[in-house]
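Take a look at the structure below.
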Amino acid sequence: MAEEKNWVLMVTAQTPTNIAVIKYWGKRDEVRILPINDSISVTLDPDHLCTLTTVAVSPSFDRDRMWLNGKEISLSGSRYQNCLREIRSRGDDVEDEVKGIKIGKKDWEKLHLHIASYNNFPTAAGLASSAAGFACLVFALAKLMNVNEDPSQLSAIARQGSGSACRSLFGGFVKWNMGKKEDGNDSVAVQLADEKHWDDLVIIVAVVSSREKETSSTSGMRESVETSLLLQHRAKDVVPIRILQMEEAIKNRDFTSFAKLTCADSNQFHAVCMDTSPPIFYMNDTSHRIISLVEKWNRSAGTPEIAYTFDAGPNAVLIAKSRKVAVELMQGLLYCFPPKADTDMKSYVLGDTSIVKEAGLEGREVPQEIKDKIGCQDQKGEVSYFICSRPGKGPVVLQDQTQALLHPQTGLPK
Ligand code: DP6
């Protein structure tokens, strides 16, 4: 290690979030976070939804510390501890000649870390922020510590932070193999296809207004494992077949199968929640209205043009077959769920706003044909805002030092 005590070495990375189209729900090992079935997800474009994390190491740090969205949080939880231990044990020699820093393999166990993480989307929105968060933590630390492992191996570490995080180590379409081994080494994510493979897809997230406090995924799935017979049937007989069909649908860009499987799997996941004792309700009336809207749309189109999926909350993730469908859908959604009088369009539709421009602002000039397709009345205020996105790339290191969340000299939040 360099003799000088005041150097700070850091790395900043950006990692996407992901949305499961075949859901992970239920663990066979709570500590290692090993699932009872395989799952498949689509990675969302990090330009619209991502986590940014800066990790720093310095001999002047006296303990590991972390700040999330500017607020210091505790790292004492076992999930953080497991990720930190696993990644530290894989650290390798690092040398920065310019700064005169030399860190040996063994030093990682002794050196302390500062971590700052920030989501580019509102955390309170109930979008899977822990997935992007743990994936980004593991990815950034792997780069800092010169860990020589491929993204699948890193996914097995991120998995121990939060199950769904393992799928955020890749862009495009990703499968999490449940694995068979007791130590979980084969419970890793693999990429099925990159984001360019099927780039016609447009993803619209409707962040649904909700006052209720939700059951966390972690405790919800524990209760389902303990009480739901439907979950046993799902994991044993339903998901294995759906996984094969979904892999095929993605490979062939077969939207009809993709949409049918996505909607059916979301519905079965929520049926499992309902089958849990006591029952868990993640969706609300607005979520149900959005399902009806999509079902009606697809019926009138004569073929699925839109898929919906809901995680452990009321927010809808809609996947449109093409940009043309997405533009029409946005018109319909803005007609059905207009912003409140005091909300402007800029803060109502986030992400890829070019879709709103094409759709024609305010949704006032919505063609009758689309109104008929969508078949719903003005539900002002039910949706907090929309985020337009698309399938996106996996984690990247940001070279631009100005984007770092920690100060290059002090290693403290900027
Ligand atoms: C409904 O990954 O948040 O989003 O492993 O306990 O941290 P833990 O749970 P988490 O569960 C995600 C559940 C889901 C489905 C999915 O993403 O596959």
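Letters A, B, ... go to the chains of the structure tokens in the order shown; residues in each chain start at 1; ligands are counted from 1 in the same order.
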Within 10 Å of ligand 1: each chain A residue with its shortest pair, only C-alpha atoms and all ligand atoms, as a tab-separated table:
```
residue	atom	partner	partner_atom_place_in_ligand_line	distance
A:Thr17	CA	ligand 1	17 (O)	9.8
A:Asn18	CA	ligand 1	17 (O)	7.4
A:Ile19	CA	ligand 1	17 (O)	6.0
A:Ala20	CA	ligand 1	18 (O)	4.7
A:Val21	CA	ligand 1	18 (O)	7.5
A:Ile22	CA	ligand 1	18 (O)	6.7
A:Lys23	CA	ligand 1	18 (O)	3.9
A:Tyr24	CA	ligand 1	18 (O)	3.6
A:Trp25	CA	ligand 1	13 (C)	5.7
A:Gly26	CA	ligand 1	6 (O)	8.4
A:Lys27	CA	ligand 1	5 (O)	7.8
A:Glu30	CA	ligand 1	6 (O)	8.0
A:Val31	CA	ligand 1	6 (O)	9.7
A:Arg32	CA	ligand 1	5 (O)	9.4
A:Ile33	CA	ligand 1	5 (O)	6.0
A:Leu34	CA	ligand 1	5 (O)	8.2
A:Pro35	CA	ligand 1	5 (O)	8.2
A:Asn37	CA	ligand 1	18 (O)	9.8
A:Asp38	CA	ligand 1	18 (O)	9.0
A:Ser39	CA	ligand 1	18 (O)	6.1
A:Ile40	CA	ligand 1	18 (O)	7.3
A:Ser41	CA	ligand 1	18 (O)	7.3
A:Arg79	CA	ligand 1	7 (O)	8.9
A:Leu127	CA	ligand 1	4 (O)	8.8
A:Ala128	CA	ligand 1	4 (O)	6.7
A:Ser129	CA	ligand 1	3 (O)	8.6
A:Ser130	CA	ligand 1	3 (O)	6.6
A:Ala131	CA	ligand 1	2 (O)	6.4
A:Phe134	CA	ligand 1	7 (O)	9.5
A:Ala158	CA	ligand 1	5 (O)	10.0
A:Arg159	CA	ligand 1	5 (O)	7.2
A:Gln160	CA	ligand 1	5 (O)	7.7
A:Gly161	CA	ligand 1	7 (O)	6.6
A:Ser162	CA	ligand 1	7 (O)	3.5
A:Gly163	CA	ligand 1	5 (O)	3.4
A:Ser164	CA	ligand 1	2 (O)	3.7
A:Ala165	CA	ligand 1	2 (O)	6.2
A:Cys166	CA	ligand 1	2 (O)	8.6
A:Arg167	CA	ligand 1	17 (O)	8.7
A:Trp176	CA	ligand 1	18 (O)	9.1
A:Ser216	CA	ligand 1	3 (O)	7.5
A:Ser217	CA	ligand 1	11 (O)	4.9
A:Thr218	CA	ligand 1	6 (O)	3.6
A:Ser219	CA	ligand 1	6 (O)	7.3
A:Gly220	CA	ligand 1	6 (O)	8.7
A:Met221	CA	ligand 1	6 (O)	7.5
A:Arg222	CA	ligand 1	6 (O)	8.5
A:Ser266	CA	ligand 1	1 (C)	8.8
A:Phe269	CA	ligand 1	1 (C)	7.8
A:His270	CA	ligand 1	1 (C)	9.1
A:Tyr282	CA	ligand 1	1 (C)	9.6
A:Thr309	CA	ligand 1	1 (C)	9.7
A:Phe310	CA	ligand 1	1 (C)	7.5
A:Asp311	CA	ligand 1	1 (C)	4.1
A:Ala312	CA	ligand 1	1 (C)	4.8
A:Gly313	CA	ligand 1	1 (C)	8.3
```
Checklist entry - segment 56-257 of chain A: which residues are strand (DSSP E or B) by DSSP, as a PyMOL selection string? => result chain A and resi 56-58+65-68+71-73+94-96+101-103+112-119+173-176+189-193+202-208
Write a file of the selected residues as a compact mmCIF listing (two decimals), in the first residue's frame, keeping N, CA and C atoms.
```
# COMPACT_ATOMS: atom_id res chain seq x y z
N ALA A 56 -15.51 4.58 -3.13
CA ALA A 56 -14.16 5.11 -2.92
C ALA A 56 -13.45 4.35 -1.82
N VAL A 57 -12.13 4.29 -1.95
CA VAL A 57 -11.31 3.65 -0.92
C VAL A 57 -10.19 4.61 -0.55
N SER A 58 -9.86 4.65 0.73
CA SER A 58 -8.75 5.49 1.18
C SER A 58 -8.28 4.99 2.54
N ARG A 65 -18.90 3.36 5.01
CA ARG A 65 -20.06 4.25 5.12
C ARG A 65 -20.79 4.31 3.79
N MET A 66 -22.11 4.55 3.88
CA MET A 66 -22.88 4.66 2.63
C MET A 66 -23.93 5.76 2.73
N TRP A 67 -24.10 6.48 1.63
CA TRP A 67 -25.13 7.51 1.52
C TRP A 67 -26.05 7.13 0.36
N LEU A 68 -27.35 7.11 0.62
CA LEU A 68 -28.32 6.81 -0.43
C LEU A 68 -29.17 8.05 -0.67
N LYS A 71 -28.55 10.77 1.86
CA LYS A 71 -28.74 10.53 3.30
C LYS A 71 -27.91 9.33 3.75
N GLU A 72 -27.20 9.46 4.86
CA GLU A 72 -26.38 8.33 5.31
C GLU A 72 -27.27 7.19 5.79
N ILE A 73 -26.96 5.96 5.35
CA ILE A 73 -27.72 4.80 5.79
C ILE A 73 -26.77 3.77 6.41
N VAL A 94 -4.10 -3.56 -7.26
CA VAL A 94 -4.44 -2.35 -8.02
C VAL A 94 -3.27 -1.39 -7.92
N GLU A 95 -2.94 -0.80 -9.07
CA GLU A 95 -1.85 0.17 -9.05
C GLU A 95 -2.27 1.39 -9.84
N ASP A 96 -2.12 2.57 -9.23
CA ASP A 96 -2.38 3.82 -9.94
C ASP A 96 -1.07 4.61 -9.90
N ILE A 101 -0.38 5.05 -6.05
CA ILE A 101 -1.13 4.15 -5.16
C ILE A 101 -0.86 2.70 -5.54
N LYS A 102 -0.61 1.88 -4.55
CA LYS A 102 -0.43 0.46 -4.78
C LYS A 102 -1.24 -0.29 -3.73
N ILE A 103 -2.25 -1.02 -4.16
CA ILE A 103 -3.05 -1.79 -3.20
C ILE A 103 -2.86 -3.27 -3.51
N HIS A 112 -11.18 0.59 4.28
CA HIS A 112 -12.61 0.92 4.38
C HIS A 112 -13.10 1.64 3.12
N LEU A 113 -14.42 1.55 2.95
CA LEU A 113 -15.03 2.08 1.73
C LEU A 113 -16.05 3.17 2.03
N HIS A 114 -16.16 4.11 1.12
CA HIS A 114 -17.27 5.06 1.13
C HIS A 114 -18.09 4.81 -0.13
N ILE A 115 -19.40 4.79 0.03
CA ILE A 115 -20.29 4.48 -1.10
C ILE A 115 -21.39 5.54 -1.14
N ALA A 116 -21.60 6.11 -2.32
CA ALA A 116 -22.73 7.04 -2.46
C ALA A 116 -23.55 6.59 -3.66
N SER A 117 -24.86 6.53 -3.46
CA SER A 117 -25.72 6.00 -4.50
C SER A 117 -26.90 6.92 -4.72
N TYR A 118 -27.34 7.01 -5.95
CA TYR A 118 -28.40 7.97 -6.28
C TYR A 118 -29.26 7.38 -7.39
N ASN A 119 -30.58 7.42 -7.21
CA ASN A 119 -31.49 6.94 -8.27
C ASN A 119 -31.94 8.11 -9.13
N PHE A 173 -32.34 -8.66 -22.58
CA PHE A 173 -33.27 -9.67 -22.05
C PHE A 173 -32.44 -10.66 -21.22
N VAL A 174 -32.86 -10.88 -19.99
CA VAL A 174 -32.00 -11.58 -19.05
C VAL A 174 -32.76 -12.69 -18.33
N LYS A 175 -32.08 -13.81 -18.16
CA LYS A 175 -32.68 -14.92 -17.43
C LYS A 175 -31.88 -15.16 -16.14
N TRP A 176 -32.59 -15.35 -15.07
CA TRP A 176 -31.95 -15.76 -13.79
C TRP A 176 -32.22 -17.24 -13.63
N ALA A 189 -27.41 -14.93 -13.23
CA ALA A 189 -28.12 -14.37 -14.39
C ALA A 189 -27.29 -14.56 -15.66
N VAL A 190 -27.99 -14.75 -16.77
CA VAL A 190 -27.33 -14.85 -18.07
C VAL A 190 -28.10 -13.97 -19.06
N GLN A 191 -27.40 -13.46 -20.04
CA GLN A 191 -28.10 -12.63 -21.04
C GLN A 191 -28.69 -13.51 -22.13
N LEU A 192 -29.99 -13.30 -22.42
CA LEU A 192 -30.62 -14.06 -23.51
C LEU A 192 -30.40 -13.35 -24.84
N ALA A 193 -30.51 -12.02 -24.82
CA ALA A 193 -30.29 -11.23 -26.04
C ALA A 193 -30.01 -9.80 -25.61
N VAL A 202 -41.42 -0.47 -26.86
CA VAL A 202 -41.44 0.76 -26.06
C VAL A 202 -42.06 0.41 -24.71
N ILE A 203 -41.45 0.90 -23.65
CA ILE A 203 -41.93 0.56 -22.30
C ILE A 203 -42.46 1.83 -21.64
N ILE A 204 -43.70 1.78 -21.22
CA ILE A 204 -44.30 2.93 -20.53
C ILE A 204 -44.66 2.51 -19.10
N VAL A 205 -44.05 3.20 -18.14
CA VAL A 205 -44.35 2.91 -16.73
C VAL A 205 -45.38 3.93 -16.27
N ALA A 206 -46.49 3.45 -15.72
CA ALA A 206 -47.48 4.35 -15.13
C ALA A 206 -47.29 4.28 -13.61
N VAL A 207 -46.80 5.36 -13.03
CA VAL A 207 -46.62 5.39 -11.58
C VAL A 207 -47.97 5.79 -10.98
N VAL A 208 -48.58 4.82 -10.33
CA VAL A 208 -49.95 4.95 -9.86
C VAL A 208 -49.98 5.56 -8.45
```
Item to check | Residues of segment 4-148 of chain A in helix (DSSP H, G or I), written as a PyMOL selection string | outcome: chain A and resi 78-88+105-109+123-125+129-144
Take the residues from that selection and write them out as a tab-separated table (two decimals), in the first residue's frame, keeping N, CA, C and O atoms.
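After the write, result-v9.tsv holds the following:
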```
chain	number	residue	atom	x	y	z
A	78	SER	N	-27.45	-7.69	6.94
A	78	SER	CA	-26.71	-8.84	6.43
A	78	SER	C	-26.58	-8.81	4.90
A	78	SER	O	-25.60	-9.29	4.34
A	79	ARG	N	-27.56	-8.22	4.21
A	79	ARG	CA	-27.48	-8.19	2.74
A	79	ARG	C	-26.29	-7.35	2.26
A	79	ARG	O	-25.55	-7.77	1.37
A	80	TYR	N	-26.11	-6.17	2.89
A	80	TYR	CA	-24.95	-5.35	2.54
A	80	TYR	C	-23.67	-6.07	2.95
A	80	TYR	O	-22.70	-6.12	2.18
A	81	GLN	N	-23.67	-6.61	4.16
A	81	GLN	CA	-22.48	-7.27	4.67
A	81	GLN	C	-22.06	-8.44	3.78
A	81	GLN	O	-20.89	-8.62	3.50
A	82	ASN	N	-23.04	-9.22	3.34
A	82	ASN	CA	-22.72	-10.37	2.47
A	82	ASN	C	-22.11	-9.91	1.15
A	82	ASN	O	-21.12	-10.48	0.68
A	83	CYS	N	-22.69	-8.88	0.56
A	83	CYS	CA	-22.15	-8.37	-0.72
A	83	CYS	C	-20.74	-7.83	-0.52
A	83	CYS	O	-19.84	-8.13	-1.32
A	84	LEU	N	-20.53	-7.06	0.54
A	84	LEU	CA	-19.20	-6.47	0.77
A	84	LEU	C	-18.15	-7.55	1.03
A	84	LEU	O	-17.05	-7.51	0.48
A	85	ARG	N	-18.52	-8.54	1.84
A	85	ARG	CA	-17.57	-9.62	2.15
A	85	ARG	C	-17.19	-10.39	0.88
A	85	ARG	O	-16.02	-10.64	0.60
A	86	GLU	N	-18.21	-10.75	0.09
A	86	GLU	CA	-17.97	-11.53	-1.13
A	86	GLU	C	-17.08	-10.79	-2.12
A	86	GLU	O	-16.18	-11.36	-2.72
A	87	ILE	N	-17.36	-9.50	-2.29
A	87	ILE	CA	-16.60	-8.75	-3.30
A	87	ILE	C	-15.17	-8.48	-2.79
A	87	ILE	O	-14.22	-8.59	-3.55
A	88	ARG	N	-15.05	-8.19	-1.49
A	88	ARG	CA	-13.70	-7.95	-0.92
A	88	ARG	C	-12.80	-9.17	-1.09
A	88	ARG	O	-11.63	-9.05	-1.42
A	105	LYS	N	-3.74	-7.34	-3.06
A	105	LYS	CA	-4.89	-8.23	-2.91
A	105	LYS	C	-5.44	-8.32	-1.48
A	105	LYS	O	-6.63	-8.23	-1.22
A	106	LYS	N	-4.46	-8.49	-0.56
A	106	LYS	CA	-4.83	-8.71	0.85
A	106	LYS	C	-5.35	-7.44	1.54
A	106	LYS	O	-6.04	-7.50	2.56
A	107	ASP	N	-4.97	-6.26	0.97
A	107	ASP	CA	-5.32	-4.99	1.62
A	107	ASP	C	-6.82	-4.72	1.65
A	107	ASP	O	-7.30	-3.96	2.48
A	108	TRP	N	-7.56	-5.32	0.71
A	108	TRP	CA	-9.00	-5.03	0.60
A	108	TRP	C	-9.77	-5.39	1.86
A	108	TRP	O	-10.78	-4.80	2.17
A	109	GLU	N	-9.26	-6.38	2.60
A	109	GLU	CA	-9.94	-6.80	3.83
A	109	GLU	C	-9.82	-5.71	4.90
A	109	GLU	O	-10.68	-5.60	5.77
A	123	THR	N	-37.46	7.75	-5.67
A	123	THR	CA	-37.37	6.51	-4.90
A	123	THR	C	-38.75	6.11	-4.36
A	123	THR	O	-39.09	4.93	-4.29
A	124	ALA	N	-39.52	7.12	-3.99
A	124	ALA	CA	-40.83	6.84	-3.39
A	124	ALA	C	-41.80	6.24	-4.40
A	124	ALA	O	-42.88	5.78	-4.04
A	125	ALA	N	-41.41	6.21	-5.67
A	125	ALA	CA	-42.32	5.73	-6.71
A	125	ALA	C	-42.63	4.25	-6.58
A	125	ALA	O	-43.54	3.74	-7.22
A	129	SER	N	-36.01	-0.10	-7.02
A	129	SER	CA	-34.74	0.60	-6.87
A	129	SER	C	-33.67	-0.28	-6.25
A	129	SER	O	-32.49	-0.08	-6.49
A	130	SER	N	-34.07	-1.31	-5.47
A	130	SER	CA	-33.04	-2.15	-4.85
A	130	SER	C	-32.33	-3.00	-5.90
A	130	SER	O	-31.16	-3.34	-5.73
A	131	ALA	N	-33.03	-3.33	-6.99
A	131	ALA	CA	-32.40	-4.13	-8.04
A	131	ALA	C	-31.23	-3.37	-8.65
A	131	ALA	O	-30.09	-3.87	-8.67
A	132	ALA	N	-31.50	-2.15	-9.10
A	132	ALA	CA	-30.42	-1.35	-9.70
A	132	ALA	C	-29.38	-1.02	-8.64
A	132	ALA	O	-28.18	-1.01	-8.92
A	133	GLY	N	-29.80	-0.77	-7.41
A	133	GLY	CA	-28.90	-0.36	-6.34
A	133	GLY	C	-27.85	-1.40	-6.00
A	133	GLY	O	-26.66	-1.10	-6.01
A	134	PHE	N	-28.27	-2.62	-5.74
A	134	PHE	CA	-27.30	-3.66	-5.38
A	134	PHE	C	-26.43	-4.06	-6.58
A	134	PHE	O	-25.24	-4.35	-6.42
A	135	ALA	N	-27.04	-4.05	-7.77
A	135	ALA	CA	-26.25	-4.39	-8.96
A	135	ALA	C	-25.16	-3.35	-9.15
A	135	ALA	O	-24.01	-3.67	-9.46
A	136	CYS	N	-25.51	-2.08	-8.92
A	136	CYS	CA	-24.54	-1.00	-9.14
A	136	CYS	C	-23.44	-1.05	-8.08
A	136	CYS	O	-22.27	-0.84	-8.39
A	137	LEU	N	-23.82	-1.35	-6.86
A	137	LEU	CA	-22.84	-1.45	-5.77
A	137	LEU	C	-21.80	-2.53	-6.10
A	137	LEU	O	-20.59	-2.29	-6.05
A	138	VAL	N	-22.29	-3.70	-6.49
A	138	VAL	CA	-21.39	-4.82	-6.77
A	138	VAL	C	-20.53	-4.53	-8.01
A	138	VAL	O	-19.31	-4.75	-8.02
A	139	PHE	N	-21.16	-3.97	-9.04
A	139	PHE	CA	-20.43	-3.68	-10.28
A	139	PHE	C	-19.33	-2.65	-10.03
A	139	PHE	O	-18.18	-2.83	-10.45
A	140	ALA	N	-19.69	-1.55	-9.33
A	140	ALA	CA	-18.71	-0.48	-9.08
A	140	ALA	C	-17.56	-0.99	-8.21
A	140	ALA	O	-16.38	-0.71	-8.48
A	141	LEU	N	-17.88	-1.77	-7.17
A	141	LEU	CA	-16.82	-2.31	-6.30
A	141	LEU	C	-15.92	-3.27	-7.07
A	141	LEU	O	-14.70	-3.29	-6.87
A	142	ALA	N	-16.52	-4.05	-7.96
A	142	ALA	CA	-15.72	-5.00	-8.76
A	142	ALA	C	-14.70	-4.24	-9.60
A	142	ALA	O	-13.55	-4.68	-9.75
A	143	LYS	N	-15.12	-3.10	-10.13
A	143	LYS	CA	-14.18	-2.30	-10.94
A	143	LYS	C	-13.11	-1.68	-10.06
A	143	LYS	O	-11.93	-1.69	-10.40
A	144	LEU	N	-13.53	-1.13	-8.92
A	144	LEU	CA	-12.56	-0.49	-8.01
A	144	LEU	C	-11.51	-1.49	-7.54
A	144	LEU	O	-10.32	-1.19	-7.48
```
Checklist entry - Smallest atom-to-atom distance to Met345 of chain A: which of A:Arg299, A:Glu97, A:Ser384, A:Pro367, using only C-alpha atoms? => result A:Ser384
Checklist entry - When distances are computed from only C-alpha atoms, which of A:Gln331, A:Ser228, A:Ser155, A:Asn177 shows the smallest separation from Ile243 of chain A? => result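 For Ile243 of chain A, the nearest of the candidates is A:Asn177.
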Item to check | Atom-to-atom span, atom CA of Lys260 of chain A and atom CA of His288 of chain A, Å | outcome: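 So the two atoms, atom CA of Lys260 of chain A and atom CA of His288 of chain A, lie 17.0 Å apart.
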Checklist entry - What gap, in Å, lies between atom CA of Val356 of chain A and atom CA of Val327 of chain A? => result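 These two atoms are separated by 7.1 Å.
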Need the shell around segment 386-393 of chain A: protein/DNA/RNA residues with any atom at most 7 Å away, counting only C-alpha atoms. Skip same-chain ones fewer than 5 positions apart. Format as a PDB file with N, CA, C and O atoms, in the first residue's frame?
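Done, and the output landed in result-v8.pdb:
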```pdb
ATOM      1  N   VAL A  42     -36.643  -7.767 -18.613  1.00  0.00           N
ATOM      2  CA  VAL A  42     -36.180  -6.822 -19.629  1.00  0.00           C
ATOM      3  C   VAL A  42     -35.488  -5.702 -18.861  1.00  0.00           C
ATOM      4  O   VAL A  42     -36.022  -5.192 -17.872  1.00  0.00           O
ATOM      5  N   THR A  43     -34.299  -5.349 -19.319  1.00  0.00           N
ATOM      6  CA  THR A  43     -33.557  -4.245 -18.698  1.00  0.00           C
ATOM      7  C   THR A  43     -34.067  -2.933 -19.270  1.00  0.00           C
ATOM      8  O   THR A  43     -34.239  -2.811 -20.488  1.00  0.00           O
ATOM      9  N   LEU A  44     -34.322  -1.957 -18.409  1.00  0.00           N
ATOM     10  CA  LEU A  44     -34.824  -0.668 -18.894  1.00  0.00           C
ATOM     11  C   LEU A  44     -33.661   0.281 -19.189  1.00  0.00           C
ATOM     12  O   LEU A  44     -32.621   0.226 -18.521  1.00  0.00           O
ATOM     13  N   ASP A  45     -33.866   1.146 -20.169  1.00  0.00           N
ATOM     14  CA  ASP A  45     -32.820   2.073 -20.579  1.00  0.00           C
ATOM     15  C   ASP A  45     -32.359   2.927 -19.388  1.00  0.00           C
ATOM     16  O   ASP A  45     -33.170   3.657 -18.801  1.00  0.00           O
ATOM     17  N   PRO A  46     -31.060   2.854 -19.045  1.00  0.00           N
ATOM     18  CA  PRO A  46     -30.565   3.608 -17.886  1.00  0.00           C
ATOM     19  C   PRO A  46     -30.698   5.121 -18.037  1.00  0.00           C
ATOM     20  O   PRO A  46     -30.653   5.842 -17.034  1.00  0.00           O
ATOM     21  N   HIS A  48     -33.301   6.534 -18.561  1.00  0.00           N
ATOM     22  CA  HIS A  48     -34.591   6.887 -17.960  1.00  0.00           C
ATOM     23  C   HIS A  48     -34.730   6.406 -16.527  1.00  0.00           C
ATOM     24  O   HIS A  48     -35.339   7.089 -15.708  1.00  0.00           O
ATOM     25  N   PHE A 170     -26.901  -7.203 -16.644  1.00  0.00           N
ATOM     26  CA  PHE A 170     -26.884  -7.300 -18.114  1.00  0.00           C
ATOM     27  C   PHE A 170     -27.921  -6.358 -18.721  1.00  0.00           C
ATOM     28  O   PHE A 170     -28.948  -6.070 -18.099  1.00  0.00           O
ATOM     29  N   GLY A 171     -27.683  -5.970 -19.974  1.00  0.00           N
ATOM     30  CA  GLY A 171     -28.689  -5.222 -20.728  1.00  0.00           C
ATOM     31  C   GLY A 171     -29.603  -6.189 -21.460  1.00  0.00           C
ATOM     32  O   GLY A 171     -29.402  -7.405 -21.431  1.00  0.00           O
ATOM     33  N   GLY A 172     -30.610  -5.646 -22.110  1.00  0.00           N
ATOM     34  CA  GLY A 172     -31.481  -6.443 -22.982  1.00  0.00           C
ATOM     35  C   GLY A 172     -32.424  -7.358 -22.238  1.00  0.00           C
ATOM     36  O   GLY A 172     -33.166  -6.952 -21.358  1.00  0.00           O
ATOM     37  N   GLU A 195     -29.889  -5.499 -25.988  1.00  0.00           N
ATOM     38  CA  GLU A 195     -30.980  -4.528 -26.150  1.00  0.00           C
ATOM     39  C   GLU A 195     -31.278  -4.205 -27.611  1.00  0.00           C
ATOM     40  O   GLU A 195     -32.365  -3.722 -27.925  1.00  0.00           O
ATOM     41  N   ASP A 199     -35.474  -3.875 -30.665  1.00  0.00           N
ATOM     42  CA  ASP A 199     -35.523  -2.479 -30.232  1.00  0.00           C
ATOM     43  C   ASP A 199     -36.780  -1.738 -30.675  1.00  0.00           C
ATOM     44  O   ASP A 199     -36.866  -0.528 -30.520  1.00  0.00           O
ATOM     45  N   LEU A 201     -39.572  -2.369 -29.246  1.00  0.00           N
ATOM     46  CA  LEU A 201     -40.397  -2.312 -28.037  1.00  0.00           C
ATOM     47  C   LEU A 201     -40.284  -0.959 -27.334  1.00  0.00           C
ATOM     48  O   LEU A 201     -39.193  -0.386 -27.244  1.00  0.00           O
ATOM     49  N   VAL A 202     -41.417  -0.471 -26.859  1.00  0.00           N
ATOM     50  CA  VAL A 202     -41.439   0.760 -26.060  1.00  0.00           C
ATOM     51  C   VAL A 202     -42.064   0.405 -24.714  1.00  0.00           C
ATOM     52  O   VAL A 202     -43.057  -0.326 -24.663  1.00  0.00           O
ATOM     53  N   ILE A 203     -41.446   0.896 -23.655  1.00  0.00           N
ATOM     54  CA  ILE A 203     -41.930   0.556 -22.304  1.00  0.00           C
ATOM     55  C   ILE A 203     -42.464   1.828 -21.641  1.00  0.00           C
ATOM     56  O   ILE A 203     -41.767   2.840 -21.587  1.00  0.00           O
ATOM     57  N   ILE A 204     -43.705   1.775 -21.216  1.00  0.00           N
ATOM     58  CA  ILE A 204     -44.302   2.934 -20.526  1.00  0.00           C
ATOM     59  C   ILE A 204     -44.657   2.513 -19.100  1.00  0.00           C
ATOM     60  O   ILE A 204     -45.432   1.577 -18.896  1.00  0.00           O
ATOM     61  N   VAL A 205     -44.051   3.200 -18.139  1.00  0.00           N
ATOM     62  CA  VAL A 205     -44.354   2.909 -16.734  1.00  0.00           C
ATOM     63  C   VAL A 205     -45.380   3.933 -16.268  1.00  0.00           C
ATOM     64  O   VAL A 205     -45.173   5.134 -16.416  1.00  0.00           O
ATOM     65  N   ALA A 206     -46.489   3.449 -15.721  1.00  0.00           N
ATOM     66  CA  ALA A 206     -47.478   4.353 -15.128  1.00  0.00           C
ATOM     67  C   ALA A 206     -47.295   4.283 -13.615  1.00  0.00           C
ATOM     68  O   ALA A 206     -47.536   3.239 -13.007  1.00  0.00           O
ATOM     69  N   VAL A 207     -46.799   5.362 -13.035  1.00  0.00           N
ATOM     70  CA  VAL A 207     -46.624   5.394 -11.579  1.00  0.00           C
ATOM     71  C   VAL A 207     -47.974   5.793 -10.982  1.00  0.00           C
ATOM     72  O   VAL A 207     -48.454   6.904 -11.174  1.00  0.00           O
ATOM     73  N   TYR A 348     -45.187  15.454 -15.979  1.00  0.00           N
ATOM     74  CA  TYR A 348     -46.154  14.352 -15.987  1.00  0.00           C
ATOM     75  C   TYR A 348     -45.666  13.171 -16.841  1.00  0.00           C
ATOM     76  O   TYR A 348     -45.977  12.030 -16.558  1.00  0.00           O
ATOM     77  N   VAL A 349     -44.930  13.485 -17.894  1.00  0.00           N
ATOM     78  CA  VAL A 349     -44.351  12.393 -18.699  1.00  0.00           C
ATOM     79  C   VAL A 349     -42.839  12.560 -18.701  1.00  0.00           C
ATOM     80  O   VAL A 349     -42.310  13.532 -19.225  1.00  0.00           O
ATOM     81  N   LEU A 350     -42.148  11.591 -18.101  1.00  0.00           N
ATOM     82  CA  LEU A 350     -40.692  11.655 -17.985  1.00  0.00           C
ATOM     83  C   LEU A 350     -40.054  10.639 -18.932  1.00  0.00           C
ATOM     84  O   LEU A 350     -40.749   9.831 -19.532  1.00  0.00           O
ATOM     85  N   GLY A 351     -38.735  10.669 -19.018  1.00  0.00           N
ATOM     86  CA  GLY A 351     -38.017   9.703 -19.859  1.00  0.00           C
ATOM     87  C   GLY A 351     -37.993  10.157 -21.296  1.00  0.00           C
ATOM     88  O   GLY A 351     -37.700  11.329 -21.583  1.00  0.00           O
ATOM     89  N   ASP A 352     -38.301   9.247 -22.205  1.00  0.00           N
ATOM     90  CA  ASP A 352     -38.275   9.552 -23.640  1.00  0.00           C
ATOM     91  C   ASP A 352     -39.526  10.362 -24.024  1.00  0.00           C
ATOM     92  O   ASP A 352     -40.532   9.811 -24.454  1.00  0.00           O
ATOM     93  N   THR A 353     -39.422  11.689 -23.882  1.00  0.00           N
ATOM     94  CA  THR A 353     -40.604  12.535 -24.067  1.00  0.00           C
ATOM     95  C   THR A 353     -40.956  12.749 -25.540  1.00  0.00           C
ATOM     96  O   THR A 353     -41.990  13.328 -25.849  1.00  0.00           O
TER      97      THR A 353
END
```
Item to check | Given only C-alpha atoms as the counted atoms, nearest of A:Met246, A:Ile157, A:Val147, A:Leu9 to Ala404 of chain A | outcome: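 Under the stated criterion, the closest residue is A:Leu9.
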Item to check | Counting only C-alpha atoms, the option among A:Val238, A:Ile36, A:Val55, A:Cys50 closest to Pro395 of chain A | outcome: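 Checking each of A:Val238, A:Ile36, A:Val55, A:Cys50 against Pro395 of chain A, counting only C-alpha atoms, the winner is A:Cys50.
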Item to check | Gap from atom CA of Gly104 of chain A to atom CA of Val11 of chain A - Å, one decimal | outcome: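 About the pair atom CA of Gly104 of chain A and atom CA of Val11 of chain A: they are 17.5 Å apart.
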